>>> print(open('upload.cif').read())   # mmCIF, C-alpha atoms
data_query
#
loop_
_atom_site.label_atom_id
_atom_site.label_comp_id
_atom_site.auth_asym_id
_atom_site.auth_seq_id
_atom_site.Cartn_x
_atom_site.Cartn_y
_atom_site.Cartn_z
CA MET A 1298 14.51 -1.54 -14.33
CA VAL A 1299 11.51 -3.20 -15.94
CA ILE A 1300 9.86 0.07 -16.87
CA GLU A 1301 11.42 3.46 -17.44
CA THR A 1302 9.61 6.52 -18.68
CA ASN A 1303 10.98 9.95 -19.28
CA THR A 1304 8.64 12.95 -19.68
CA LEU A 1305 6.14 10.53 -21.17
CA THR A 1306 3.22 12.44 -22.64
CA LYS A 1307 0.04 11.48 -24.47
CA TYR A 1308 -2.39 13.88 -26.12
CA PHE A 1309 -5.93 13.14 -27.17
CA ASN A 1310 -7.11 16.05 -29.33
CA LYS A 1311 -4.85 18.57 -27.64
CA VAL A 1312 -5.86 17.36 -24.18
CA LYS A 1313 -2.92 16.00 -22.23
CA ALA A 1314 -4.11 12.70 -20.79
CA VAL A 1315 -0.61 11.90 -19.54
CA ASN A 1316 1.64 14.86 -18.83
CA GLU A 1317 5.41 14.38 -18.64
CA ILE A 1318 5.57 11.38 -16.35
CA SER A 1319 9.07 10.14 -15.51
CA ILE A 1320 9.35 7.00 -13.42
CA SER A 1321 11.31 3.78 -13.04
CA ILE A 1322 9.82 0.56 -11.80
CA GLN A 1323 12.05 -2.09 -10.24
CA PRO A 1324 11.60 -5.69 -11.33
CA ASN A 1325 9.55 -8.00 -9.10
CA THR A 1326 7.70 -5.28 -7.24
CA ILE A 1327 4.00 -4.63 -6.79
CA THR A 1328 3.09 -1.04 -7.57
CA GLY A 1329 -0.34 0.47 -7.00
CA ILE A 1330 -1.47 3.19 -9.38
CA VAL A 1331 -4.06 5.46 -7.82
CA GLY A 1332 -5.84 8.58 -8.91
CA ARG A 1333 -9.32 9.80 -9.68
CA ASN A 1334 -11.46 8.92 -12.65
CA GLY A 1335 -9.93 10.42 -15.76
CA ALA A 1336 -6.57 11.06 -14.09
CA GLY A 1337 -4.75 9.28 -16.92
CA LYS A 1338 -4.07 5.96 -15.21
CA THR A 1339 -5.43 3.78 -18.02
CA THR A 1340 -3.68 5.78 -20.76
CA PHE A 1341 -0.41 5.50 -18.85
CA LEU A 1342 -0.81 1.74 -18.37
CA LYS A 1343 -1.80 1.21 -22.01
CA MET A 1344 1.40 2.92 -23.16
CA ILE A 1345 3.39 0.60 -20.91
CA ALA A 1346 1.60 -2.43 -22.36
CA GLY A 1347 2.28 -1.12 -25.89
CA PHE A 1348 -1.41 -0.64 -26.71
CA LEU A 1349 -0.94 3.09 -27.28
CA LYS A 1350 1.94 5.10 -28.69
CA GLN A 1351 3.12 8.16 -26.80
CA SER A 1352 2.87 11.68 -28.25
CA SER A 1353 6.24 12.66 -26.82
CA GLY A 1354 8.81 11.52 -24.29
CA ASP A 1355 10.43 8.11 -23.92
CA ILE A 1356 9.25 4.79 -22.62
CA ASN A 1357 11.16 1.55 -22.21
CA VAL A 1358 9.75 -1.74 -21.04
CA PHE A 1359 12.22 -4.65 -20.82
CA SER A 1360 14.60 -2.15 -22.48
CA GLU A 1361 12.34 -2.02 -25.55
CA ARG A 1362 9.89 0.53 -26.86
CA PRO A 1363 6.66 -1.28 -26.03
CA PHE A 1364 4.60 -0.11 -29.02
CA ASN A 1365 4.83 -2.85 -31.70
CA SER A 1366 7.32 -4.80 -29.58
CA LEU A 1367 7.02 -8.58 -29.70
CA ILE A 1368 9.17 -8.93 -26.59
CA VAL A 1369 6.83 -6.73 -24.58
CA ALA A 1370 3.72 -8.38 -26.01
CA ASN A 1371 5.16 -11.78 -25.15
CA ASN A 1372 6.08 -10.96 -21.59
CA SER A 1373 3.21 -8.81 -20.46
CA ILE A 1374 -0.52 -9.08 -19.95
CA PHE A 1375 -2.98 -6.22 -19.62
CA VAL A 1376 -6.10 -7.12 -17.68
CA ASP A 1377 -9.16 -4.89 -17.55
CA ASP A 1378 -12.91 -5.33 -17.81
CA GLU A 1379 -12.86 -4.82 -21.57
CA MET A 1380 -10.73 -7.87 -22.33
CA LEU A 1381 -12.11 -9.57 -25.38
CA PHE A 1382 -12.29 -13.32 -25.78
CA PRO A 1383 -13.82 -15.11 -28.76
CA ASP A 1384 -17.51 -15.88 -28.23
CA VAL A 1385 -17.18 -19.27 -29.90
CA LEU A 1386 -14.93 -20.53 -27.09
CA THR A 1387 -16.05 -21.75 -23.68
CA LEU A 1388 -14.15 -20.66 -20.57
CA ARG A 1389 -12.36 -24.00 -20.51
CA GLU A 1390 -11.32 -23.53 -24.15
CA ILE A 1391 -10.12 -19.99 -23.46
CA LEU A 1392 -7.77 -21.43 -20.84
CA VAL A 1393 -6.45 -23.94 -23.39
CA GLU A 1394 -5.70 -21.05 -25.78
CA GLY A 1395 -4.10 -19.12 -22.91
CA ASN A 1396 -1.79 -22.04 -22.40
CA ARG A 1397 -0.80 -21.95 -26.09
CA PHE A 1398 -0.12 -18.22 -26.01
CA HIS A 1399 1.75 -17.79 -22.76
CA LYS A 1400 4.94 -19.72 -22.12
CA ASN A 1401 4.71 -19.53 -18.30
CA TRP A 1402 1.02 -20.41 -18.18
CA ASP A 1403 -0.03 -22.46 -15.14
CA MET A 1404 -3.01 -24.61 -16.09
CA ASN A 1405 -3.27 -26.11 -12.64
CA LEU A 1406 -3.68 -22.67 -11.07
CA ALA A 1407 -6.18 -21.66 -13.76
CA HIS A 1408 -8.37 -24.72 -13.23
CA LYS A 1409 -8.21 -24.50 -9.46
CA MET A 1410 -9.36 -20.88 -9.53
CA LEU A 1411 -12.07 -21.63 -12.10
CA ASP A 1412 -13.37 -24.21 -9.68
CA TYR A 1413 -12.89 -22.12 -6.53
CA PHE A 1414 -14.84 -19.18 -7.96
CA SER A 1415 -17.60 -21.60 -9.08
CA PHE A 1416 -17.45 -21.01 -12.82
CA ASN A 1417 -19.21 -23.30 -15.23
CA PRO A 1418 -16.31 -24.29 -17.53
CA ASP A 1419 -18.74 -24.54 -20.46
CA ALA A 1420 -20.02 -20.99 -20.03
CA VAL A 1421 -19.33 -18.27 -22.61
CA HIS A 1422 -17.36 -15.20 -21.53
CA ALA A 1423 -19.77 -12.67 -23.05
CA GLN A 1424 -22.63 -14.03 -20.98
CA LEU A 1425 -20.89 -13.67 -17.62
CA SER A 1426 -22.07 -11.02 -15.19
CA LYS A 1427 -19.87 -7.95 -14.67
CA GLY A 1428 -18.32 -9.25 -11.47
CA LYS A 1429 -17.81 -12.74 -12.89
CA LYS A 1430 -16.15 -11.29 -15.98
CA SER A 1431 -13.70 -9.37 -13.81
CA THR A 1432 -13.04 -12.49 -11.78
CA PHE A 1433 -12.38 -14.57 -14.88
CA ASN A 1434 -10.09 -11.92 -16.40
CA MET A 1435 -8.18 -11.75 -13.13
CA LEU A 1436 -7.68 -15.51 -13.00
CA PHE A 1437 -6.62 -15.49 -16.65
CA GLY A 1438 -4.10 -12.70 -15.94
CA LEU A 1439 -2.63 -14.47 -12.93
CA SER A 1440 -2.38 -17.80 -14.76
CA THR A 1441 -0.25 -16.27 -17.53
CA ARG A 1442 2.52 -15.67 -14.95
CA CYS A 1443 3.74 -12.92 -17.29
CA ALA A 1444 6.89 -11.11 -16.16
CA LEU A 1445 4.86 -7.91 -16.30
CA THR A 1446 1.24 -8.21 -15.22
CA ILE A 1447 -0.93 -5.12 -15.42
CA PHE A 1448 -4.33 -4.99 -13.74
CA ASP A 1449 -6.39 -1.94 -14.66
CA GLU A 1450 -9.23 -1.59 -12.15
CA PRO A 1451 -9.34 -5.38 -11.70
CA THR A 1452 -11.94 -5.40 -8.95
CA THR A 1453 -14.74 -3.67 -10.91
CA GLY A 1454 -17.98 -5.42 -10.06
CA MET A 1455 -16.37 -7.98 -7.74
CA ASP A 1456 -18.08 -8.37 -4.40
CA ALA A 1457 -16.11 -7.81 -1.20
CA ALA A 1458 -15.36 -11.50 -0.64
CA VAL A 1459 -13.98 -12.01 -4.15
CA ARG A 1460 -11.88 -8.83 -3.90
CA LYS A 1461 -10.35 -10.14 -0.71
CA ASP A 1462 -9.64 -13.52 -2.32
CA PHE A 1463 -8.13 -11.79 -5.33
CA TYR A 1464 -5.65 -9.78 -3.25
CA ARG A 1465 -4.75 -12.90 -1.29
CA VAL A 1466 -4.19 -15.15 -4.32
CA LEU A 1467 -2.19 -12.40 -6.02
CA LEU A 1468 0.12 -12.08 -3.01
CA LYS A 1469 0.52 -15.85 -2.61
CA ASP A 1470 1.33 -16.32 -6.27
CA TYR A 1471 3.72 -13.36 -6.20
CA LEU A 1472 5.58 -14.87 -3.22
CA ALA A 1473 5.91 -18.17 -5.09
CA TYR A 1474 6.62 -16.63 -8.52
CA PRO A 1475 7.99 -13.10 -8.10
CA ARG A 1476 7.19 -10.84 -11.03
CA THR A 1477 6.26 -7.23 -11.69
CA PHE A 1478 2.71 -6.16 -11.00
CA LEU A 1479 1.04 -2.86 -11.73
CA ILE A 1480 -2.43 -2.53 -10.23
CA SER A 1481 -4.63 0.49 -10.67
CA SER A 1482 -7.52 0.92 -8.31
CA HIS A 1483 -9.75 3.38 -6.54
CA HIS A 1484 -9.50 1.29 -3.42
CA LEU A 1485 -6.04 2.08 -2.10
CA ASP A 1486 -7.09 1.24 1.45
CA GLU A 1487 -8.09 -2.23 0.32
CA MET A 1488 -4.85 -3.12 -1.41
CA GLU A 1489 -2.22 -1.03 0.34
CA HIS A 1490 -0.93 -3.92 2.48
CA LEU A 1491 -0.12 -5.74 -0.74
CA LEU A 1492 1.91 -2.97 -2.35
CA GLU A 1493 5.55 -2.08 -2.25
CA ASP A 1494 5.25 1.24 -4.09
CA VAL A 1495 2.49 3.71 -4.85
CA LEU A 1496 2.09 5.98 -7.84
CA LEU A 1497 -0.42 8.80 -7.47
CA ILE A 1498 -1.52 10.45 -10.70
CA ASP A 1499 -3.74 13.52 -10.98
CA LYS A 1500 -4.79 15.28 -14.18
CA GLY A 1501 -2.13 13.41 -16.12
CA LYS A 1502 0.68 14.40 -13.77
CA LEU A 1503 2.66 12.33 -11.35
CA LEU A 1504 2.11 13.58 -7.80
CA ILE A 1505 3.77 10.87 -5.75
CA HIS A 1506 5.91 7.81 -6.38
CA MET A 1507 7.24 6.27 -3.19
CA PRO A 1508 7.20 3.11 -1.07
CA ILE A 1509 3.85 2.64 0.67
CA ASP A 1510 5.68 2.38 4.00
CA ASP A 1511 7.00 5.90 3.51
CA LEU A 1512 3.63 7.18 2.36
CA GLN A 1513 2.10 6.00 5.63
CA GLU A 1514 4.35 8.43 7.46
CA TYR A 1515 4.50 11.11 4.80
CA ALA A 1516 1.92 13.51 6.16
CA VAL A 1517 0.01 14.51 9.28
CA GLY A 1518 -3.29 16.25 9.74
CA LEU A 1519 -3.37 19.36 11.92
CA SER A 1520 -6.43 21.11 13.20
CA GLY A 1521 -6.79 24.00 15.52
CA SER A 1522 -8.02 27.52 15.93
CA ALA A 1523 -7.66 29.64 12.82
CA LEU A 1524 -5.38 32.15 14.45
CA ILE A 1525 -2.77 29.69 15.64
CA MET A 1526 -3.08 27.56 12.50
CA GLU A 1527 -2.43 30.51 10.16
CA CYS A 1528 0.72 31.17 12.09
CA VAL A 1529 1.89 27.55 12.18
CA LEU A 1530 1.15 26.79 8.53
CA LYS A 1531 3.53 29.51 7.33
CA ASP A 1532 6.47 27.27 8.19
CA GLN A 1533 4.93 24.04 6.94
CA ASP A 1534 4.79 22.27 3.63
CA VAL A 1535 1.01 22.39 3.20
CA LEU A 1536 -0.48 19.67 1.00
CA TYR A 1537 -4.10 20.51 1.69
CA ARG A 1538 -6.06 22.97 3.77
CA GLU A 1539 -9.66 23.48 4.55
CA THR A 1540 -11.55 25.98 6.67
CA ILE A 1541 -13.91 23.90 8.77
CA ASN A 1542 -15.69 26.92 10.17
CA LYS A 1543 -14.83 30.51 11.00
CA ASN A 1544 -12.59 29.51 13.87
CA THR A 1545 -11.13 26.21 12.82
CA ILE A 1546 -8.69 25.24 10.11
CA PHE A 1547 -7.77 21.72 9.10
CA ALA A 1548 -4.61 21.14 7.11
CA ILE A 1549 -2.46 18.30 5.92
CA VAL A 1550 1.26 18.98 6.00
CA LYS A 1551 4.39 17.00 5.29
CA ARG A 1552 5.66 15.33 8.42
CA GLY A 1553 8.75 16.82 9.96
CA ALA A 1554 7.09 19.38 12.14
CA ASP A 1555 7.89 19.34 15.84
CA VAL A 1556 4.75 17.48 16.83
CA GLU A 1557 5.26 17.86 20.58
CA ASN A 1558 5.55 21.59 20.23
CA LEU A 1559 2.40 21.81 18.11
CA LYS A 1560 0.51 19.76 20.67
CA ARG A 1561 1.54 22.22 23.34
CA MET A 1562 0.10 25.02 21.24
CA GLY A 1563 -3.24 23.24 21.39
CA ILE A 1564 -3.16 21.88 17.85
CA ARG A 1565 -4.66 18.46 17.36
CA ILE A 1566 -2.51 16.05 15.43
CA ALA A 1567 -4.05 13.23 13.44
CA PRO A 1568 -2.33 10.68 11.26
CA VAL A 1569 -3.31 10.62 7.59
CA SER A 1570 -3.68 7.25 5.88
CA PRO A 1571 -2.26 6.86 2.35
CA SER A 1572 -5.79 6.45 1.06
CA ASP A 1573 -7.03 9.69 2.67
CA LEU A 1574 -3.89 11.51 1.60
CA SER A 1575 -4.45 10.59 -2.03
CA ILE A 1576 -8.05 11.77 -1.82
CA TYR A 1577 -7.06 15.12 -0.30
CA MET A 1578 -4.17 15.66 -2.70
CA THR A 1579 -6.37 15.14 -5.73
CA LYS A 1580 -9.29 17.22 -4.53
CA ASP A 1581 -10.33 20.08 -6.75
CA PHE A 1582 -10.22 23.34 -4.88
CA LYS A 1583 -13.79 24.10 -5.84
CA GLY A 1584 -15.09 23.44 -2.39
CA GLY A 1585 -16.62 20.11 -1.56
CA ILE A 1586 -19.70 18.13 -2.47
CA ASP A 1587 -21.54 20.09 0.24
CA ASP A 1588 -21.32 23.22 -1.91
CA VAL A 1589 -23.31 21.51 -4.67
CA LEU A 1590 -26.24 21.23 -2.31
CA LYS A 1591 -26.20 24.83 -1.13
CA MET B 253 -1.97 -9.55 15.35
CA LEU B 254 -1.81 -6.69 12.92
CA ASP B 255 -4.29 -3.86 12.75
CA PHE B 256 -4.53 -2.58 9.19
CA ASP B 257 -6.74 0.29 10.28
CA SER B 258 -4.23 1.43 12.84
CA THR B 259 -2.32 4.59 12.19
CA LYS B 260 0.87 2.76 13.01
CA PRO B 261 2.75 1.74 9.87
CA ILE B 262 2.56 -1.98 9.17
CA TYR B 263 6.33 -2.50 9.27
CA ILE B 264 6.47 -1.08 12.78
CA GLN B 265 3.61 -3.36 13.80
CA ILE B 266 5.61 -6.29 12.39
CA SER B 267 8.69 -5.37 14.39
CA GLU B 268 6.62 -4.92 17.55
CA TRP B 269 4.91 -8.26 17.00
CA LEU B 270 8.31 -9.95 16.67
CA GLU B 271 9.52 -8.14 19.79
CA ASN B 272 6.52 -9.48 21.69
CA GLU B 273 7.25 -12.98 20.42
CA ILE B 274 10.77 -12.63 21.79
CA LEU B 275 9.60 -11.15 25.10
CA ASN B 276 7.10 -13.94 25.72
CA GLY B 277 9.61 -16.61 24.86
CA GLN B 278 8.33 -17.81 21.48
CA PHE B 279 11.86 -17.18 20.24
CA GLU B 280 14.89 -17.77 22.46
CA GLU B 281 18.32 -16.27 22.00
CA ASN B 282 20.01 -17.48 18.81
CA ASP B 283 16.74 -18.83 17.41
CA LYS B 284 16.02 -18.13 13.76
CA VAL B 285 13.03 -15.83 13.30
CA HIS B 286 10.52 -15.82 10.42
CA SER B 287 11.81 -14.78 7.00
CA GLN B 288 10.31 -11.80 5.21
CA TYR B 289 8.44 -14.23 2.94
CA SER B 290 6.86 -16.25 5.72
CA LEU B 291 5.88 -13.01 7.51
CA ALA B 292 4.37 -11.76 4.24
CA ASP B 293 2.34 -14.95 3.94
CA MET B 294 1.31 -15.01 7.62
CA PHE B 295 0.15 -11.40 7.74
CA ASN B 296 -0.90 -10.98 4.11
CA ILE B 297 1.48 -8.12 3.46
CA ASN B 298 4.10 -7.21 0.88
CA PRO B 299 7.43 -8.93 1.61
CA ALA B 300 9.23 -5.57 1.31
CA THR B 301 7.17 -4.29 4.24
CA ALA B 302 8.02 -7.40 6.25
CA ALA B 303 11.70 -6.93 5.38
CA LYS B 304 11.54 -3.37 6.63
CA GLY B 305 10.18 -4.58 9.97
CA LEU B 306 12.97 -7.13 10.25
CA ASN B 307 15.60 -4.55 9.35
CA LEU B 308 14.32 -2.25 12.05
CA LEU B 309 15.08 -4.95 14.61
CA HIS B 310 18.43 -5.59 13.00
CA ASP B 311 19.29 -1.88 13.32
CA ASP B 312 18.32 -2.02 17.00
CA LYS B 313 20.56 -5.07 17.42
CA VAL B 314 17.63 -7.23 18.53
CA LEU B 315 18.34 -9.52 15.57
CA TYR B 316 21.56 -10.42 13.83
CA ASN B 317 22.22 -11.70 10.33
CA ARG B 318 23.69 -14.99 9.34
CA ARG B 319 24.59 -14.74 5.74
CA GLY B 320 22.30 -16.81 3.58
CA LEU B 321 20.55 -18.27 6.60
CA GLY B 322 18.38 -15.42 7.75
CA LYS B 323 17.93 -13.40 10.91
CA PHE B 324 18.47 -14.67 14.47
CA VAL B 325 17.67 -13.42 17.97
CA ALA B 326 20.59 -11.59 19.56
CA GLU B 327 21.85 -12.66 22.97
CA ASN B 328 20.58 -9.74 24.99
CA ALA B 329 17.55 -9.12 22.77
CA LYS B 330 15.08 -9.01 25.67
CA GLN B 331 17.01 -6.36 27.56
CA ILE B 332 17.36 -4.24 24.41
CA ILE B 333 13.62 -4.44 23.73
CA LEU B 334 12.68 -3.56 27.30
CA ALA B 335 15.13 -0.67 27.43
CA LYS B 336 13.84 0.63 24.10
CA ARG B 337 10.22 0.46 25.19
CA LYS B 338 11.02 2.27 28.43
CA SER B 339 12.87 5.06 26.74
CA GLU B 340 10.58 5.47 23.73
CA THR B 341 7.09 4.19 24.33
CA LEU B 342 6.77 5.09 28.00
CA LYS B 343 8.37 8.47 27.56
CA GLY B 344 6.02 9.31 24.70
CA LEU B 345 2.97 8.22 26.68
CA ILE B 346 4.03 10.31 29.66
CA GLN B 347 4.58 13.32 27.44
CA ASP B 348 1.03 12.99 26.11
CA VAL B 349 -0.34 12.66 29.63
CA VAL B 350 1.50 15.78 30.78
CA ILE B 351 0.26 17.83 27.83
CA GLU B 352 -3.30 16.63 28.39
CA ALA B 353 -2.99 17.40 32.13
CA HIS B 354 -1.79 20.86 31.28
CA GLN B 355 -4.79 21.52 29.08
CA LEU B 356 -7.14 20.22 31.77
CA LYS B 357 -5.35 22.37 34.34
CA VAL B 358 -4.37 19.35 36.41
CA THR B 359 -1.38 20.19 38.60
CA GLU B 360 1.80 18.17 38.79
CA GLU B 361 0.92 17.00 42.30
CA GLU B 362 -2.56 15.92 41.29
CA LEU B 363 -1.16 14.02 38.33
CA ILE B 364 1.45 12.24 40.46
CA LYS B 365 -1.30 11.30 42.91
CA MET B 366 -3.34 9.86 40.04
CA ILE B 367 -0.37 7.81 38.90
CA GLN B 368 0.25 6.55 42.45
CA LEU B 369 -3.41 5.62 42.75
CA SER B 370 -3.20 3.72 39.49
CA PHE B 371 -0.15 1.88 40.80
CA SER B 372 -1.88 0.85 44.01
CA GLU B 373 -4.96 -0.31 42.09
CA GLU B 374 -2.68 -2.41 39.91
CA LYS B 375 -1.12 -3.97 42.99
CA GLY B 376 -4.57 -4.64 44.43
CA ASP B 377 -5.52 -6.57 41.32
CA GLU B 378 -2.58 -8.94 41.57
#
>>> encode(input="upload.cif", output="structure tokens")
Amino acid sequence: MVIETNTLTKYFNKVKAVNEISISIQPNTITGIVGRNGAGKTTFLKMIAGFLKQSSGDINVFSERPFNSLIVANNSIFVDDEMLFPDVLTLREILVEGNRFHKNWDMNLAHKMLDYFSFNPDAVHAQLSKGKKSTFNMLFGLSTRCALTIFDEPTTGMDAAVRKDFYRVLLKDYLAYPRTFLISSHHLDEMEHLLEDVLLIDKGKLLIHMPIDDLQEYAVGLSGSALIMECVLKDQDVLYRETINKNTIFAIVKRGADVENLKRMGIRIAPVSPSDLSIYMTKDFKGGIDDVLK
Amino acid sequence: MLDFDSTKPIYIQISEWLENEILNGQFEENDKVHSQYSLADMFNINPATAAKGLNLLHDDKVLYNRRGLGKFVAENAKQIILAKRKSETLKGLIQDVVIEAHQLKVTEEELIKMIQLSFSEEKGDE
């Protein structure tokens, strides 16, 4: 295992940002970390990178405690939109320093991407636009070829074309140089084809950790008349339910139900994509956005 | 090609795509098929997903393993694929049609007539 956590917890002023998360991540896999804003994704990733120390629980990365670990610092890179680079260096010079810092650095890849994404090599990082900054940080992160590469919301500010290129170059480079990737994002639908595993976090807690292929078949949506639905849902593992109107109920349940039988009862069956499932499972039961406007 | 918006899991789409390649003769018996890595590159998907699609076909005995060399098309692969599609895909489609007919109050006879009509139209097209 590259990463192992056991009841990993982090408090900020008595608020549990990460609440007893226990996971193991296999080497050379791509894992997507999804969840809503403030779910605890960044805190979790920063503990893995050794940027933050846990309040309780255990964490091992490359069999080391990451906080203050030279081994972890040497073999991992944490990429987000707050990466700081010295203002006195040009982009080209930052790449030269990257090469000095990271033993697996690929300068050829770095220069090719700098050119492909039309950067001026003499530009200064602080003066780049938001999207360009993200793009540069991404290309820096990929060029390190670190055994553990963490992307925290890497696509912030990138336009659709660049996001697509990013996912493609990441996959190609992973195929050529397998390593462990953790990628957090709000756009699960955009990156799900790239992932092997998905981690869904909500309010600091781990909701789901499974292969994306299993998640695609994990749940089904049922809708039908309230009377029949009430009856059917008693025997189901209900992940989400919503009353559409007086006579109709929509629910998401774990797959396993006898679908043919439900169809015969007049219930409509709809597949639920991993992206929709994660939205439904992390919805607050306060009603929806519609209620705000009432 | 693959449909990422489809509700069908990608690994199943991969195995069906390979089945089609075998059915239309892109791969003959005992030919080596794509590796999980070349499928991942071709379709822009995680290699684990591609491997799952390949393993599905291995479980169905459409492909066989040669250690260290990869996966190859089994000798009666075409027959296996056709038999599987008849028993699974066609049966499922018919089940859906029957349920829908039931809800629309279409009788068995009417439905059979509709199927026969569809058959004769198909023949007319040829």
>>> atom_distance(input="upload.cif", atom1="CA of Asn1316 in chain A", atom2="CA of Arg1333 in chain A")
15.1 Å
>>> atom_distance(input="upload.cif", atom1="CA of Leu291 in chain B", atom2="CA of Leu321 in chain B")
15.6 Å
>>> closest_atom_pairs(input="upload.cif", of="chain B", to="chain A", cutoff="8 Å", atoms="only C-alpha atoms", output="CSV")
residue,atom,partner,partner_atom,distance
B:Phe256,CA,A:His1490,CA,7.7
B:Thr259,CA,A:Pro1568,CA,6.2
B:Pro261,CA,A:Gln1513,CA,6.0
B:Ile262,CA,A:Asp1510,CA,7.4
B:Tyr263,CA,A:Asp1510,CA,7.2
B:Tyr289,CA,A:Leu1472,CA,6.8
B:Asp293,CA,A:Lys1469,CA,6.9
B:Asn296,CA,A:Arg1465,CA,6.9
B:Ile297,CA,A:His1490,CA,4.9
B:Asn298,CA,A:Leu1491,CA,4.8
B:Pro299,CA,A:Leu1472,CA,7.9
B:Ala300,CA,A:Glu1493,CA,6.2
B:Thr301,CA,A:Asp1510,CA,6.8
B:Ile351,CA,A:Arg1561,CA,6.4
>>> residues_near_point(input="upload.cif", point="(2.2, 13.0, -11.5)", cutoff="12 Å", atoms="all atoms listed in the file", output="PDB file with C-alpha atoms, keeping the file's coordinate frame")
ATOM      1  CA  THR A1304       8.640  12.950 -19.680  1.00  0.00           C
ATOM      2  CA  LEU A1305       6.140  10.530 -21.170  1.00  0.00           C
ATOM      3  CA  THR A1306       3.220  12.440 -22.640  1.00  0.00           C
ATOM      4  CA  ALA A1314      -4.110  12.700 -20.790  1.00  0.00           C
ATOM      5  CA  VAL A1315      -0.610  11.900 -19.540  1.00  0.00           C
ATOM      6  CA  ASN A1316       1.640  14.860 -18.830  1.00  0.00           C
ATOM      7  CA  GLU A1317       5.410  14.380 -18.640  1.00  0.00           C
ATOM      8  CA  ILE A1318       5.570  11.380 -16.350  1.00  0.00           C
ATOM      9  CA  SER A1319       9.070  10.140 -15.510  1.00  0.00           C
ATOM     10  CA  ILE A1320       9.350   7.000 -13.420  1.00  0.00           C
ATOM     11  CA  ILE A1330      -1.470   3.190  -9.380  1.00  0.00           C
ATOM     12  CA  VAL A1331      -4.060   5.460  -7.820  1.00  0.00           C
ATOM     13  CA  GLY A1332      -5.840   8.580  -8.910  1.00  0.00           C
ATOM     14  CA  ALA A1336      -6.570  11.060 -14.090  1.00  0.00           C
ATOM     15  CA  GLY A1337      -4.750   9.280 -16.920  1.00  0.00           C
ATOM     16  CA  LYS A1338      -4.070   5.960 -15.210  1.00  0.00           C
ATOM     17  CA  PHE A1341      -0.410   5.500 -18.850  1.00  0.00           C
ATOM     18  CA  VAL A1495       2.490   3.710  -4.850  1.00  0.00           C
ATOM     19  CA  LEU A1496       2.090   5.980  -7.840  1.00  0.00           C
ATOM     20  CA  LEU A1497      -0.420   8.800  -7.470  1.00  0.00           C
ATOM     21  CA  ILE A1498      -1.520  10.450 -10.700  1.00  0.00           C
ATOM     22  CA  ASP A1499      -3.740  13.520 -10.980  1.00  0.00           C
ATOM     23  CA  LYS A1500      -4.790  15.280 -14.180  1.00  0.00           C
ATOM     24  CA  GLY A1501      -2.130  13.410 -16.120  1.00  0.00           C
ATOM     25  CA  LYS A1502       0.680  14.400 -13.770  1.00  0.00           C
ATOM     26  CA  LEU A1503       2.660  12.330 -11.350  1.00  0.00           C
ATOM     27  CA  LEU A1504       2.110  13.580  -7.800  1.00  0.00           C
ATOM     28  CA  ILE A1505       3.770  10.870  -5.750  1.00  0.00           C
ATOM     29  CA  HIS A1506       5.910   7.810  -6.380  1.00  0.00           C
ATOM     30  CA  MET A1507       7.240   6.270  -3.190  1.00  0.00           C
ATOM     31  CA  SER A1575      -4.450  10.590  -2.030  1.00  0.00           C
ATOM     32  CA  MET A1578      -4.170  15.660  -2.700  1.00  0.00           C
ATOM     33  CA  THR A1579      -6.370  15.140  -5.730  1.00  0.00           C
TER      34      THR A1579
END
>>> resolve_selection(input="upload.cif", expression="the PyMOL selection byres ((chain B and resi 281) around 8)", output="PDB file with C-alpha atoms, in the frame of the given file")
ATOM      1  CA  PHE B 279      11.860 -17.180  20.240  1.00  0.00           C
ATOM      2  CA  GLU B 280      14.890 -17.770  22.460  1.00  0.00           C
ATOM      3  CA  ASN B 282      20.010 -17.480  18.810  1.00  0.00           C
ATOM      4  CA  ASP B 283      16.740 -18.830  17.410  1.00  0.00           C
ATOM      5  CA  PHE B 324      18.470 -14.670  14.470  1.00  0.00           C
ATOM      6  CA  VAL B 325      17.670 -13.420  17.970  1.00  0.00           C
ATOM      7  CA  ALA B 326      20.590 -11.590  19.560  1.00  0.00           C
ATOM      8  CA  GLU B 327      21.850 -12.660  22.970  1.00  0.00           C
ATOM      9  CA  ASN B 328      20.580  -9.740  24.990  1.00  0.00           C
ATOM     10  CA  ALA B 329      17.550  -9.120  22.770  1.00  0.00           C
TER      11      ALA B 329
END
>>> resolve_selection(input="upload.cif", expression="the PyMOL selection byres ((chain A and resi 1410) around 10)", output="list in words")
Met1404, Asn1405, Leu1406, Ala1407, His1408, Lys1409, Leu1411, Asp1412, Tyr1413, Phe1414, Ser1415, Phe1416, Thr1432, Phe1433, Met1435, Leu1436, Phe1437, Leu1439, Ser1440 and Val1466 of chain A
>>> write_last_selection(input="upload.cif", atoms="C-alpha atoms", output="short mmCIF file (atom, residue, chain, number, x, y, z; two decimals), in the frame of the given file")
data_model
loop_
_atom_site.label_atom_id
_atom_site.label_comp_id
_atom_site.auth_asym_id
_atom_site.auth_seq_id
_atom_site.Cartn_x
_atom_site.Cartn_y
_atom_site.Cartn_z
CA MET A 1404 -3.01 -24.61 -16.09
CA ASN A 1405 -3.27 -26.11 -12.64
CA LEU A 1406 -3.68 -22.67 -11.07
CA ALA A 1407 -6.18 -21.66 -13.76
CA HIS A 1408 -8.37 -24.72 -13.23
CA LYS A 1409 -8.21 -24.50 -9.46
CA LEU A 1411 -12.07 -21.63 -12.10
CA ASP A 1412 -13.37 -24.21 -9.68
CA TYR A 1413 -12.89 -22.12 -6.53
CA PHE A 1414 -14.84 -19.18 -7.96
CA SER A 1415 -17.60 -21.60 -9.08
CA PHE A 1416 -17.45 -21.01 -12.82
CA THR A 1432 -13.04 -12.49 -11.78
CA PHE A 1433 -12.38 -14.57 -14.88
CA MET A 1435 -8.18 -11.75 -13.13
CA LEU A 1436 -7.68 -15.51 -13.00
CA PHE A 1437 -6.62 -15.49 -16.65
CA LEU A 1439 -2.63 -14.47 -12.93
CA SER A 1440 -2.38 -17.80 -14.76
CA VAL A 1466 -4.19 -15.15 -4.32
#
